[in-house]
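File shown: data07.cif. Contents: mmCIF, C-alpha atoms.
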```cif
data_query
#
loop_
_atom_site.label_atom_id
_atom_site.label_comp_id
_atom_site.auth_asym_id
_atom_site.auth_seq_id
_atom_site.Cartn_x
_atom_site.Cartn_y
_atom_site.Cartn_z
CA MET A 1 -135.74 -63.06 -28.01
CA LYS A 2 -139.49 -63.67 -27.96
CA ARG A 3 -140.77 -67.05 -26.76
CA TYR A 4 -143.89 -68.70 -28.20
CA PHE A 5 -145.92 -71.76 -27.27
CA ILE A 6 -147.14 -73.65 -30.31
CA TYR A 7 -150.26 -75.82 -30.05
CA LEU A 8 -150.40 -78.66 -32.55
CA ALA A 9 -151.85 -82.08 -33.34
CA TYR A 10 -150.40 -85.04 -35.21
CA ASP A 11 -151.14 -88.53 -36.39
CA GLY A 12 -148.14 -90.47 -35.11
CA THR A 13 -148.51 -93.45 -37.46
CA ALA A 14 -145.66 -92.47 -39.77
CA TYR A 15 -143.29 -91.17 -37.08
CA HIS A 16 -140.72 -92.61 -34.69
CA GLY A 17 -142.28 -90.55 -31.91
CA TRP A 18 -142.06 -86.87 -31.02
CA GLN A 19 -138.34 -86.67 -30.29
CA ILE A 20 -135.65 -86.43 -32.97
CA GLN A 21 -134.20 -89.87 -33.74
CA PRO A 22 -130.98 -90.75 -35.59
CA ASN A 23 -132.68 -93.44 -37.68
CA GLY A 24 -136.23 -92.25 -38.30
CA THR A 25 -138.46 -89.25 -38.93
CA SER A 26 -139.93 -87.51 -35.87
CA VAL A 27 -142.60 -84.86 -35.35
CA GLN A 28 -140.10 -82.57 -33.62
CA GLU A 29 -137.78 -82.74 -36.63
CA CYS A 30 -140.58 -81.82 -39.07
CA LEU A 31 -141.64 -78.86 -36.94
CA MET A 32 -138.07 -77.60 -36.51
CA LYS A 33 -137.44 -77.77 -40.26
CA ALA A 34 -140.61 -75.82 -41.04
CA LEU A 35 -139.85 -73.12 -38.46
CA SER A 36 -136.25 -72.86 -39.65
CA ILE A 37 -137.43 -72.23 -43.21
CA LEU A 38 -139.86 -69.52 -42.13
CA LEU A 39 -137.52 -67.81 -39.66
CA ARG A 40 -134.45 -68.30 -41.88
CA ARG A 41 -132.26 -69.69 -39.11
CA GLU A 42 -131.85 -72.84 -37.03
CA VAL A 43 -134.72 -73.13 -34.56
CA GLU A 44 -134.83 -75.41 -31.52
CA VAL A 45 -138.24 -76.72 -30.51
CA ILE A 46 -138.92 -78.18 -27.04
CA GLY A 47 -142.04 -80.30 -26.57
CA ALA A 48 -144.19 -80.83 -23.48
CA GLY A 49 -143.41 -84.53 -23.60
CA ARG A 50 -141.97 -87.33 -25.70
CA THR A 51 -144.65 -89.50 -27.26
CA ASP A 52 -143.46 -92.92 -28.42
CA ALA A 53 -143.42 -94.26 -31.97
CA GLY A 54 -146.93 -94.52 -33.39
CA VAL A 55 -148.54 -92.52 -30.56
CA HIS A 56 -150.78 -89.60 -31.55
CA ALA A 57 -151.55 -86.18 -30.12
CA SER A 58 -154.79 -84.27 -30.52
CA LEU A 59 -153.02 -81.56 -28.54
CA MET A 60 -149.28 -81.23 -28.03
CA VAL A 61 -147.56 -78.05 -26.84
CA ALA A 62 -144.00 -76.99 -27.67
CA HIS A 63 -141.99 -73.80 -27.37
CA PHE A 64 -139.49 -71.98 -29.57
CA ASP A 65 -137.78 -68.58 -29.61
CA SER A 66 -137.88 -65.90 -32.27
CA ASP A 67 -135.59 -62.87 -32.56
CA MET A 68 -138.52 -60.80 -33.82
CA PRO A 69 -142.21 -60.42 -32.89
CA LEU A 70 -144.45 -62.73 -34.92
CA ASP A 71 -147.92 -62.41 -36.35
CA THR A 72 -149.14 -65.59 -34.65
CA ALA A 73 -152.15 -66.23 -36.91
CA LEU A 74 -150.09 -65.72 -40.05
CA MET A 75 -147.26 -67.92 -38.74
CA ALA A 76 -149.70 -70.73 -37.90
CA ASP A 77 -151.12 -70.55 -41.43
CA LYS A 78 -147.65 -70.62 -43.02
CA LEU A 79 -146.60 -73.57 -40.87
CA ASN A 80 -149.67 -75.54 -41.90
CA ARG A 81 -148.81 -74.95 -45.55
CA LEU A 82 -145.28 -76.30 -45.00
CA LEU A 83 -145.98 -79.20 -42.67
CA PRO A 84 -147.11 -82.62 -43.93
CA PRO A 85 -150.84 -83.45 -43.86
CA ASP A 86 -150.53 -85.50 -40.65
CA ILE A 87 -149.24 -82.55 -38.56
CA SER A 88 -151.45 -79.53 -37.91
CA VAL A 89 -150.80 -76.32 -35.98
CA TYR A 90 -153.76 -74.87 -34.06
CA ARG A 91 -152.23 -71.63 -32.85
CA LEU A 92 -149.19 -69.82 -31.44
CA ARG A 93 -149.26 -67.92 -28.13
CA PRO A 94 -146.62 -65.49 -26.85
CA VAL A 95 -145.39 -66.35 -23.37
CA ILE A 96 -142.96 -64.96 -20.81
CA PRO A 97 -139.28 -65.67 -21.64
CA GLU A 98 -138.89 -68.14 -18.76
CA ALA A 99 -141.86 -70.35 -19.75
CA HIS A 100 -140.84 -73.93 -20.58
CA ALA A 101 -143.19 -76.28 -22.44
CA ARG A 102 -141.88 -79.38 -20.69
CA PHE A 103 -140.87 -78.36 -17.19
CA ASP A 104 -143.67 -75.88 -16.50
CA ALA A 105 -146.63 -78.04 -17.55
CA THR A 106 -148.93 -78.54 -14.54
CA SER A 107 -150.74 -81.53 -16.01
CA ARG A 108 -150.93 -83.81 -19.03
CA LYS A 109 -153.86 -85.95 -20.11
CA TYR A 110 -153.88 -89.11 -22.24
CA LYS A 111 -156.65 -91.26 -23.67
CA TYR A 112 -156.36 -94.92 -24.70
CA TYR A 113 -159.04 -96.43 -26.97
CA ILE A 114 -160.12 -100.08 -26.95
CA THR A 115 -162.64 -101.75 -29.23
CA THR A 116 -164.22 -105.17 -28.89
CA THR A 117 -164.94 -105.73 -32.57
CA LYS A 118 -163.32 -105.35 -35.98
CA VAL A 119 -163.81 -101.78 -37.24
CA PRO A 120 -161.90 -101.17 -40.51
CA PHE A 121 -162.11 -97.38 -40.32
CA GLU A 122 -160.76 -97.21 -36.77
CA ARG A 123 -158.06 -99.88 -36.98
CA GLN A 124 -155.17 -97.38 -36.85
CA TYR A 125 -156.50 -95.70 -33.71
CA ARG A 126 -157.95 -98.52 -31.61
CA CYS A 127 -156.59 -101.54 -29.77
CA ARG A 128 -158.81 -104.47 -30.66
CA LEU A 129 -159.65 -107.07 -28.00
CA PHE A 130 -161.09 -110.45 -28.85
CA GLN A 131 -162.81 -110.84 -25.48
CA THR A 132 -164.60 -108.12 -23.52
CA PRO A 133 -162.84 -107.49 -20.19
CA ASP A 134 -164.60 -106.54 -16.96
CA PHE A 135 -164.43 -102.74 -17.18
CA GLU A 136 -166.07 -102.30 -13.78
CA ARG A 137 -163.26 -104.25 -12.13
CA MET A 138 -160.72 -102.31 -14.15
CA ASN A 139 -162.22 -99.08 -12.85
CA GLU A 140 -161.94 -100.36 -9.28
CA ALA A 141 -158.28 -101.17 -9.89
CA ALA A 142 -157.66 -97.76 -11.48
CA GLN A 143 -158.70 -96.09 -8.21
CA VAL A 144 -155.71 -97.80 -6.54
CA LEU A 145 -153.42 -95.54 -8.57
CA PHE A 146 -154.43 -92.56 -6.38
CA ASP A 147 -152.86 -94.23 -3.33
CA TYR A 148 -149.33 -94.06 -4.77
CA THR A 149 -146.80 -91.65 -6.25
CA ASP A 150 -143.91 -93.99 -7.21
CA PHE A 151 -144.74 -95.71 -10.50
CA THR A 152 -141.44 -97.47 -11.21
CA SER A 153 -143.41 -100.63 -12.05
CA PHE A 154 -144.91 -98.87 -15.08
CA SER A 155 -141.77 -97.14 -16.34
CA LYS A 156 -139.55 -98.14 -19.20
CA LEU A 157 -136.21 -99.36 -17.85
CA HIS A 158 -132.97 -97.33 -17.97
CA THR A 159 -134.50 -93.88 -18.55
CA ASP A 160 -132.71 -90.63 -17.70
CA VAL A 161 -135.29 -89.23 -15.24
CA LYS A 162 -134.29 -88.32 -11.69
CA THR A 163 -137.51 -89.55 -10.06
CA ASN A 164 -140.33 -91.98 -10.86
CA ASN A 165 -142.82 -90.05 -8.75
CA CYS A 166 -146.00 -88.77 -10.39
CA LYS A 167 -149.22 -87.31 -9.00
CA ILE A 168 -152.24 -88.87 -10.70
CA MET A 169 -155.26 -86.58 -10.82
CA HIS A 170 -157.72 -88.69 -12.84
CA ALA A 171 -157.88 -92.31 -14.01
CA ALA A 172 -161.06 -93.96 -15.28
CA TRP A 173 -162.60 -96.12 -18.01
CA THR A 174 -165.70 -94.78 -19.79
CA GLN A 175 -167.75 -96.15 -22.66
CA HIS A 176 -167.11 -94.08 -25.79
CA ASP A 177 -169.75 -95.78 -27.94
CA GLU A 178 -171.41 -99.18 -28.26
CA LEU A 179 -168.16 -100.90 -29.23
CA THR A 180 -165.44 -98.63 -27.80
CA TRP A 181 -164.10 -97.92 -24.32
CA VAL A 182 -161.59 -95.23 -23.44
CA PHE A 183 -159.18 -94.97 -20.52
CA THR A 184 -158.50 -91.36 -19.53
CA ILE A 185 -155.59 -90.56 -17.25
CA GLN A 186 -154.28 -87.19 -16.09
CA ALA A 187 -151.16 -86.50 -14.01
CA ASP A 188 -148.60 -83.81 -13.37
CA ARG A 189 -146.06 -85.90 -15.34
CA PHE A 190 -145.71 -89.33 -16.92
CA LEU A 191 -142.84 -91.78 -17.19
CA ARG A 192 -141.71 -93.35 -20.44
CA ASN A 193 -144.22 -96.03 -21.50
CA MET A 194 -146.24 -95.44 -18.29
CA VAL A 195 -149.76 -95.15 -19.74
CA ARG A 196 -149.38 -98.18 -22.01
CA ALA A 197 -148.02 -100.26 -19.10
CA ILE A 198 -150.86 -99.20 -16.79
CA VAL A 199 -153.47 -100.08 -19.42
CA GLY A 200 -151.81 -103.45 -20.07
CA THR A 201 -151.84 -104.25 -16.36
CA LEU A 202 -155.44 -103.11 -15.91
CA LEU A 203 -156.41 -105.47 -18.73
CA GLU A 204 -154.89 -108.29 -16.70
CA VAL A 205 -157.39 -107.35 -13.98
CA GLY A 206 -160.22 -107.17 -16.51
CA ARG A 207 -159.42 -110.64 -17.82
CA GLY A 208 -159.37 -112.14 -14.32
CA LYS A 209 -155.63 -112.85 -14.39
CA LEU A 210 -154.85 -110.32 -11.67
CA THR A 211 -156.83 -109.28 -8.60
CA ILE A 212 -157.21 -105.70 -7.44
CA GLU A 213 -154.93 -106.49 -4.50
CA GLY A 214 -152.52 -108.04 -6.99
CA PHE A 215 -152.59 -104.78 -8.95
CA ARG A 216 -151.72 -102.94 -5.74
CA ARG A 217 -148.78 -105.30 -5.12
CA VAL A 218 -147.51 -104.68 -8.66
CA ILE A 219 -147.22 -100.97 -7.85
CA GLU A 220 -145.64 -101.58 -4.45
CA GLN A 221 -142.96 -103.94 -5.80
CA GLN A 222 -141.58 -101.13 -8.01
CA ASP A 223 -140.45 -103.68 -10.60
CA ARG A 224 -141.38 -103.34 -14.28
CA CYS A 225 -141.20 -107.11 -14.71
CA ARG A 226 -144.18 -107.51 -12.33
CA ALA A 227 -146.53 -105.39 -14.43
CA GLY A 228 -148.43 -106.45 -17.53
CA ALA A 229 -147.24 -106.09 -21.11
CA SER A 230 -147.51 -102.66 -22.68
CA VAL A 231 -150.44 -102.24 -25.05
CA PRO A 232 -149.80 -101.02 -28.64
CA GLY A 233 -149.09 -97.32 -29.10
CA ASN A 234 -151.46 -96.73 -32.03
CA ALA A 235 -154.49 -96.37 -29.71
CA LEU A 236 -152.88 -93.78 -27.40
CA PHE A 237 -153.49 -90.03 -27.70
CA LEU A 238 -152.03 -87.09 -25.81
CA VAL A 239 -155.11 -84.87 -25.53
CA ASP A 240 -154.25 -81.97 -23.22
CA VAL A 241 -151.38 -80.09 -21.55
CA THR A 242 -152.02 -77.29 -19.05
CA TYR A 243 -149.95 -74.33 -17.82
CA PRO A 244 -150.36 -71.43 -15.38
CA GLU A 245 -152.30 -68.60 -17.04
CA THR A 246 -149.66 -66.14 -15.79
CA PHE A 247 -147.27 -67.47 -18.47
CA PHE A 248 -149.27 -66.05 -21.35
CA LEU A 249 -148.87 -62.50 -22.62
#
```

Structure encoded using C-alpha cells:
Amino acid sequence: MKRYFIYLAYDGTAYHGWQIQPNGTSVQECLMKALSILLRREVEVIGAGRTDAGVHASLMVAHFDSDMPLDTALMADKLNRLLPPDISVYRLRPVIPEAHARFDATSRKYKYYITTTKVPFERQYRCRLFQTPDFERMNEAAQVLFDYTDFTSFSKLHTDVKTNNCKIMHAAWTQHDELTWVFTIQADRFLRNMVRAIVGTLLEVGRGKLTIEGFRRVIEQQDRCRAGASVPGNALFLVDVTYPETFFL
C-alpha cells in the first residue's frame, strides 16, 4: 500500500465540521466518497485535526492509502472535478508508510478574524464586534499563554483525549486592515474548542471585564466554566499544518 498526504482547503459554512457525523454532511465524508469513486474501493481518510461545524481551512492535511502508485497531479485534478465547489485539493504528496496526518503533525496554526464594522462581503468569515476592544491589553494577556501547558480551562468538556497539555509556539493579535484584526495562534496540538474559548476569554480582557492576572487565574483553575464564552466558528480558519521533511518521498 502507498500512503499519500492530501493538502486541501474548504469553506466550512455548509458542513458539520471535518469529522463524519451521523446527522450531517462533513468534509471528511465528501473527500472519502470522491476518493472511493476514483480508486474504486472504500477509502479511509484521516485528517490532521477535527475542525468544528462552520470552521474553515485554508490548509488542511489528511492521509489515505492506495494499493497502486498514483499520478498525484492527475489525481488532484480529478478530485477537484468531483468535489463540491467549497472543497478544493491543492496537491497530493507521497509519504513513508508510517506517516500519520494527525499524530505526526509537529504544529498547527489557526487564525481568528474580528471586524469592528458591518461588512456585507465578509459577514460569513468575520466575527463582528459592536465595540472596539483594547487589542494591546489582549496581546499582553496572550503572552500569558506561554507560561502554561495545561489548557483544560479552554477545552470542551467530556472529550476523549488523554491529556490537555499543549505547547503554544505563537499567540498574537495583529491588524489585518483598517477594520479587521486577526488572532494567530500556533501550537503542537489543540483541544476541542480551544481557540474559540481562548479568543472569547481574551475579549473579556479587551472589554475590561477581566484583568491580565484574572486571565492567568482562569488558566490555573483548569475549569472551563471560569473561561469566557466561545466565539462563533465562522471566523476561524485552520491555516497551516507542519510535518518532518523526512516523511516525504

Resolved residues for the PyMOL selection byres ((chain A and resi 235-239) around 8) as a list in words: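 Given this file, the PyMOL selection byres ((chain A and resi 235-239) around 8) evaluates to Thr51, Val55, His56, Ala57, Ser58, Leu59, Met60, Arg108, Lys109, Tyr110, Lys111, Tyr112, Tyr113, Ile114, Gln124, Tyr125, Arg126, Cys127, Arg196, Pro232, Gly233, Asn234, Asp240 and Val241 of chain A.
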
Surrounding residues of Tyr90 in chain A excluding itself and chain neighbours under 2 positions, 7 Å, only C-alpha atoms, as JSON, numbers by chain: {"A": [7, 8, 76, 88]}

As an exercise, work out the distance from CA of Pro94 in chain A to CA of Val161 in chain A in Å and give it to one decimal place. 28.8 Å

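The environment of Phe135 in chain A within 12 Å, counting all atoms listed in the file and disregarding residues fewer than 3 places along the same chain, consists of Ile114, Thr116, Gln131, Thr132, Met138, Asn139, Glu140, Ala141, Ala142, Ala172, Trp173, Thr174, Gln175, Thr180, Trp181, Val182, Phe183, Val199, Leu202, Leu203, Glu204, Val205, Gly206, Arg207 and Gly208 of chain A.
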
Next, dump the selected residues to file, keeping only C-alpha atoms, as a CSV table (one decimal), in the frame of the given file.
```csv
chain,number,residue,atom,x,y,z
A,114,ILE,CA,-160.1,-100.1,-27.0
A,116,THR,CA,-164.2,-105.2,-28.9
A,131,GLN,CA,-162.8,-110.8,-25.5
A,132,THR,CA,-164.6,-108.1,-23.5
A,138,MET,CA,-160.7,-102.3,-14.2
A,139,ASN,CA,-162.2,-99.1,-12.8
A,140,GLU,CA,-161.9,-100.4,-9.3
A,141,ALA,CA,-158.3,-101.2,-9.9
A,142,ALA,CA,-157.7,-97.8,-11.5
A,172,ALA,CA,-161.1,-94.0,-15.3
A,173,TRP,CA,-162.6,-96.1,-18.0
A,174,THR,CA,-165.7,-94.8,-19.8
A,175,GLN,CA,-167.8,-96.2,-22.7
A,180,THR,CA,-165.4,-98.6,-27.8
A,181,TRP,CA,-164.1,-97.9,-24.3
A,182,VAL,CA,-161.6,-95.2,-23.4
A,183,PHE,CA,-159.2,-95.0,-20.5
A,199,VAL,CA,-153.5,-100.1,-19.4
A,202,LEU,CA,-155.4,-103.1,-15.9
A,203,LEU,CA,-156.4,-105.5,-18.7
A,204,GLU,CA,-154.9,-108.3,-16.7
A,205,VAL,CA,-157.4,-107.4,-14.0
A,206,GLY,CA,-160.2,-107.2,-16.5
A,207,ARG,CA,-159.4,-110.6,-17.8
A,208,GLY,CA,-159.4,-112.1,-14.3
```

Mind checking which residues fall within 12 Å of Ile37 in chain A, counting only C-alpha atoms, ignoring those fewer than 6 positions away in the same chain, and posting them as a VMD selection string? chain A and resid 30 to 31 43 75 78 to 79 81 to 83

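Put simply, CA of Val61 in chain A is 16.0 Å away from CA of Ala34 in chain A.
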
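Here CA of Ser153 in chain A is placed at a distance of 15.3 Å from CA of Arg189 in chain A.
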
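The nearest approach to Ser155 in chain A among the residues A:Ala171, A:Leu70, A:Ala227, A:Ile212, with all atoms listed in the file taken into account, belongs to A:Ala227.
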
Using the incomplete input, complete range 25-36 of chain A to the level of all heavy atoms; output as a PDB file, in the coordinates of the input.
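Written file, out_11.pdb:
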```
ATOM      1  N   THR A  25    -137.848 -90.574 -38.929  1.00  0.00           N
ATOM      2  CA  THR A  25    -138.460 -89.250 -38.930  1.00  0.00           C
ATOM      3  C   THR A  25    -139.280 -89.033 -37.664  1.00  0.00           C
ATOM      4  O   THR A  25    -139.997 -89.927 -37.222  1.00  0.00           O
ATOM      5  CB  THR A  25    -139.380 -89.098 -40.153  1.00  0.00           C
ATOM      6  OG1 THR A  25    -138.634 -89.382 -41.335  1.00  0.00           O
ATOM      7  CG2 THR A  25    -139.927 -87.679 -40.253  1.00  0.00           C
ATOM      8  N   SER A  26    -139.177 -87.845 -37.078  1.00  0.00           N
ATOM      9  CA  SER A  26    -139.930 -87.510 -35.870  1.00  0.00           C
ATOM     10  C   SER A  26    -140.752 -86.254 -36.105  1.00  0.00           C
ATOM     11  O   SER A  26    -140.498 -85.476 -37.025  1.00  0.00           O
ATOM     12  CB  SER A  26    -138.975 -87.274 -34.689  1.00  0.00           C
ATOM     13  OG  SER A  26    -138.256 -86.065 -34.872  1.00  0.00           O
ATOM     14  N   VAL A  27    -141.765 -86.054 -35.263  1.00  0.00           N
ATOM     15  CA  VAL A  27    -142.600 -84.860 -35.350  1.00  0.00           C
ATOM     16  C   VAL A  27    -141.784 -83.612 -35.025  1.00  0.00           C
ATOM     17  O   VAL A  27    -141.896 -82.581 -35.699  1.00  0.00           O
ATOM     18  CB  VAL A  27    -143.805 -84.977 -34.401  1.00  0.00           C
ATOM     19  CG1 VAL A  27    -144.676 -83.725 -34.488  1.00  0.00           C
ATOM     20  CG2 VAL A  27    -144.628 -86.222 -34.719  1.00  0.00           C
ATOM     21  N   GLN A  28    -140.946 -83.700 -34.012  1.00  0.00           N
ATOM     22  CA  GLN A  28    -140.100 -82.570 -33.620  1.00  0.00           C
ATOM     23  C   GLN A  28    -139.221 -82.117 -34.789  1.00  0.00           C
ATOM     24  O   GLN A  28    -139.083 -80.918 -35.055  1.00  0.00           O
ATOM     25  CB  GLN A  28    -139.228 -82.978 -32.432  1.00  0.00           C
ATOM     26  CG  GLN A  28    -138.366 -81.856 -31.876  1.00  0.00           C
ATOM     27  CD  GLN A  28    -137.445 -82.343 -30.757  1.00  0.00           C
ATOM     28  OE1 GLN A  28    -137.011 -83.491 -30.753  1.00  0.00           O
ATOM     29  NE2 GLN A  28    -137.165 -81.466 -29.817  1.00  0.00           N
ATOM     30  N   GLU A  29    -138.648 -83.059 -35.489  1.00  0.00           N
ATOM     31  CA  GLU A  29    -137.780 -82.740 -36.630  1.00  0.00           C
ATOM     32  C   GLU A  29    -138.561 -82.000 -37.716  1.00  0.00           C
ATOM     33  O   GLU A  29    -138.081 -80.988 -38.266  1.00  0.00           O
ATOM     34  CB  GLU A  29    -137.199 -84.028 -37.200  1.00  0.00           C
ATOM     35  CG  GLU A  29    -136.342 -83.832 -38.439  1.00  0.00           C
ATOM     36  CD  GLU A  29    -135.903 -85.152 -39.058  1.00  0.00           C
ATOM     37  OE1 GLU A  29    -136.256 -86.216 -38.517  1.00  0.00           O
ATOM     38  OE2 GLU A  29    -135.224 -85.109 -40.098  1.00  0.00           O
ATOM     39  N   CYS A  30    -139.771 -82.469 -38.030  1.00  0.00           N
ATOM     40  CA  CYS A  30    -140.580 -81.820 -39.070  1.00  0.00           C
ATOM     41  C   CYS A  30    -140.921 -80.387 -38.675  1.00  0.00           C
ATOM     42  O   CYS A  30    -140.868 -79.465 -39.498  1.00  0.00           O
ATOM     43  CB  CYS A  30    -141.862 -82.614 -39.300  1.00  0.00           C
ATOM     44  SG  CYS A  30    -141.615 -84.203 -40.117  1.00  0.00           S
ATOM     45  N   LEU A  31    -141.273 -80.194 -37.413  1.00  0.00           N
ATOM     46  CA  LEU A  31    -141.640 -78.860 -36.940  1.00  0.00           C
ATOM     47  C   LEU A  31    -140.436 -77.922 -36.940  1.00  0.00           C
ATOM     48  O   LEU A  31    -140.546 -76.749 -37.344  1.00  0.00           O
ATOM     49  CB  LEU A  31    -142.244 -78.966 -35.539  1.00  0.00           C
ATOM     50  CG  LEU A  31    -142.887 -77.713 -34.956  1.00  0.00           C
ATOM     51  CD1 LEU A  31    -143.989 -77.182 -35.866  1.00  0.00           C
ATOM     52  CD2 LEU A  31    -143.453 -77.994 -33.572  1.00  0.00           C
ATOM     53  N   MET A  32    -139.281 -78.416 -36.523  1.00  0.00           N
ATOM     54  CA  MET A  32    -138.070 -77.600 -36.510  1.00  0.00           C
ATOM     55  C   MET A  32    -137.674 -77.181 -37.919  1.00  0.00           C
ATOM     56  O   MET A  32    -137.279 -76.032 -38.158  1.00  0.00           O
ATOM     57  CB  MET A  32    -136.937 -78.360 -35.819  1.00  0.00           C
ATOM     58  CG  MET A  32    -137.097 -78.424 -34.308  1.00  0.00           C
ATOM     59  SD  MET A  32    -135.897 -79.493 -33.464  1.00  0.00           S
ATOM     60  CE  MET A  32    -134.356 -78.692 -33.897  1.00  0.00           C
ATOM     61  N   LYS A  33    -137.788 -78.095 -38.873  1.00  0.00           N
ATOM     62  CA  LYS A  33    -137.440 -77.770 -40.260  1.00  0.00           C
ATOM     63  C   LYS A  33    -138.358 -76.697 -40.814  1.00  0.00           C
ATOM     64  O   LYS A  33    -137.905 -75.747 -41.478  1.00  0.00           O
ATOM     65  CB  LYS A  33    -137.531 -79.033 -41.122  1.00  0.00           C
ATOM     66  CG  LYS A  33    -136.357 -79.981 -40.956  1.00  0.00           C
ATOM     67  CD  LYS A  33    -136.487 -81.186 -41.883  1.00  0.00           C
ATOM     68  CE  LYS A  33    -135.277 -82.103 -41.773  1.00  0.00           C
ATOM     69  NZ  LYS A  33    -135.391 -83.306 -42.652  1.00  0.00           N
ATOM     70  N   ALA A  34    -139.662 -76.810 -40.539  1.00  0.00           N
ATOM     71  CA  ALA A  34    -140.610 -75.820 -41.040  1.00  0.00           C
ATOM     72  C   ALA A  34    -140.363 -74.445 -40.425  1.00  0.00           C
ATOM     73  O   ALA A  34    -140.363 -73.422 -41.132  1.00  0.00           O
ATOM     74  CB  ALA A  34    -142.039 -76.290 -40.754  1.00  0.00           C
ATOM     75  N   LEU A  35    -140.130 -74.399 -39.129  1.00  0.00           N
ATOM     76  CA  LEU A  35    -139.850 -73.120 -38.460  1.00  0.00           C
ATOM     77  C   LEU A  35    -138.538 -72.514 -38.954  1.00  0.00           C
ATOM     78  O   LEU A  35    -138.436 -71.295 -39.125  1.00  0.00           O
ATOM     79  CB  LEU A  35    -139.808 -73.320 -36.949  1.00  0.00           C
ATOM     80  CG  LEU A  35    -141.165 -73.399 -36.239  1.00  0.00           C
ATOM     81  CD1 LEU A  35    -140.995 -73.905 -34.812  1.00  0.00           C
ATOM     82  CD2 LEU A  35    -141.845 -72.022 -36.228  1.00  0.00           C
ATOM     83  N   SER A  36    -137.545 -73.355 -39.178  1.00  0.00           N
ATOM     84  CA  SER A  36    -136.250 -72.860 -39.650  1.00  0.00           C
ATOM     85  C   SER A  36    -136.363 -72.231 -41.026  1.00  0.00           C
ATOM     86  O   SER A  36    -135.705 -71.227 -41.331  1.00  0.00           O
ATOM     87  CB  SER A  36    -135.227 -74.006 -39.669  1.00  0.00           C
ATOM     88  OG  SER A  36    -134.991 -74.489 -38.362  1.00  0.00           O
TER      89      SER A  36
END
```
